[in-house]
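Chemist: Structure provided below as C-alpha cells; questions to follow.
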Amino acid sequence: MDAVRWPVSGPLVVSTIAVVLSIGSSETTYTAAESGFQVVLQFAATDVRAEFSVPLSRDVVLTVGRSVDAQGRHMGWDLSARDQRLAESPNFFYDCLCGHGPRPQDYYAWHFVSKYYPHERRLAVYGYPLEVRVRCPDCQAIGTDGNDARFVEGNIEISVRRLASSYPRQQRISDIIR
C-alpha cells in the first residue's frame, strides 16, 4: 500500500506550532472537565459558617476555615490539606514547614484588592498526587490591602484532580540550613 503524502508549507507549519503552543498558555481557560479537575466544594465568599471539610482522597481531607481579623471581621478563608491518619498532621499545602507570611492557600479579600495572588490558584498537596484549584471568578472585594478588605459578593469554587505522580515531600528547616 502506498503512503499518502501531504504537502507541507512553511505557513502551515508555523500556524500549527502556534496553536500547539497556545494550548499550554497560561491564558487558556479550561473547564473543570477539560482540565481533569472535579468540583468538591462551592460556597459564597461571604458565607458565615466557620468551617467546611471535604475529602480529597481516601486519606487527605480539605478544611476551609473562616478567617477573621483582630476586630473579629471576616476577611477571607484559610485552606488546609491534612492526612486524617496522622494525629499531628501538618498542612500539606505548605511547601516548607518553615514558612511565614502570606501563602497561596490563604484566600483573603486583601489579596483581591491588592492583586497579591491571582484569583485562581493551583495548590500542590505536597507528598501526595493531588492538586487543588481554588477560584472565585465573580468575587468582589472592597477596602484596602490593609485590615479593612472584605468580600462583598461571589462564589468560591474548590476543585481537585489526581496526578500521575506525587509532589515531593515538604521541606523542613534542616533541609535548607545545615
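Every chain in the C-alpha cells takes a letter, A first, then B, and so on in the order presented; its residues are numbered from 1, and the ligands are numbered from 1 following the presented order.
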Need to verify the contact set: Trp110 in chain A, 10 Å, only C-alpha atoms, exclusion of same-chain residues closer than 6 positions in sequence. Can you return it as a ChimeraX atom specification?
Modeler: /A:75-76,116-117,141-151
Chemist: Find the residues near Arg58 in chain A: any atom within 10 Å, counting only C-alpha atoms, skip ones fewer than 4 places away on the same chain, and give them as a VMD selection string.
Modeler: chain A and resid 83 to 85
Chemist: Using the selection just defined, write its residues with C-alpha atoms as a CSV table (one decimal), in the first residue's frame.
Modeler:
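Once written, out36.csv looks like this:
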chain,number,residue,atom,x,y,z
A,83,ASP,CA,-3.8,13.5,56.3
A,84,GLN,CA,-6.5,12.1,58.6
A,85,ARG,CA,-4.3,9.1,59.6
Chemist: Ranking A:Cys136, A:Val125, A:Leu41, A:Leu86 by minimum distance to Val64 in chain A and counting only C-alpha atoms, which one comes first?
Modeler: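 Of all the options, A:Leu41 lies closest to Val64 in chain A.
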Chemist: Could you state the separation of CA of Val48 in chain A and CA of Asp69 in chain A in Å, given to one decimal place?
Modeler: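 Between these atoms lies a distance of 14.3 Å.
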Chemist: Hey, can you check how far CA of Phe43 in chain A sits from CA of Pro90 in chain A?
Modeler: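 Interatomic distance, CA of Phe43 in chain A to CA of Pro90 in chain A: 24.8 Å.
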Chemist: For Arg66 in chain A, work out the shell of residues within 10 Å, counting only C-alpha atoms and skipping chain neighbours fewer than 5 positions away, then give it as a list in words.
Modeler: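 Close residues of Arg66 in chain A: Ala45, Thr46, Asp47, Val48, Arg49, Ala50, Glu51, Phe52, His74, Met75, Gly76, Trp77, Asp78, Leu79, Tyr107 and Tyr108 of chain A.
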Chemist: Measuring between only C-alpha atoms, which one of A:Gln105, A:Asn155, A:Ser67, A:Ser114 shows the shortest distance to Phe92 in chain A?
Modeler: A:Gln105
Chemist: When you draw a straight line from CA of Val68 in chain A to CA of Pro102 in chain A, how long is it in Å?
Modeler: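 Value for the CA of Val68 in chain A-CA of Pro102 in chain A distance: 14.5 Å.
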Chemist: For Val39 in chain A, find every residue with an atom within 9 Å (counting only C-alpha atoms), except residues of its own chain fewer than 4 positions away, and show them as a compact mmCIF listing (two decimals) with C-alpha atoms, in the first residue's frame.
Modeler:
# COMPACT_ATOMS: atom_id res chain seq x y z
CA ALA A 32 -13.27 21.57 35.07
CA ARG A 133 -7.70 24.58 42.34
CA GLU A 157 -15.21 27.01 43.88
CA ILE A 158 -12.72 24.39 45.01
CA SER A 159 -11.76 21.52 42.70
CA VAL A 160 -9.30 18.65 42.93
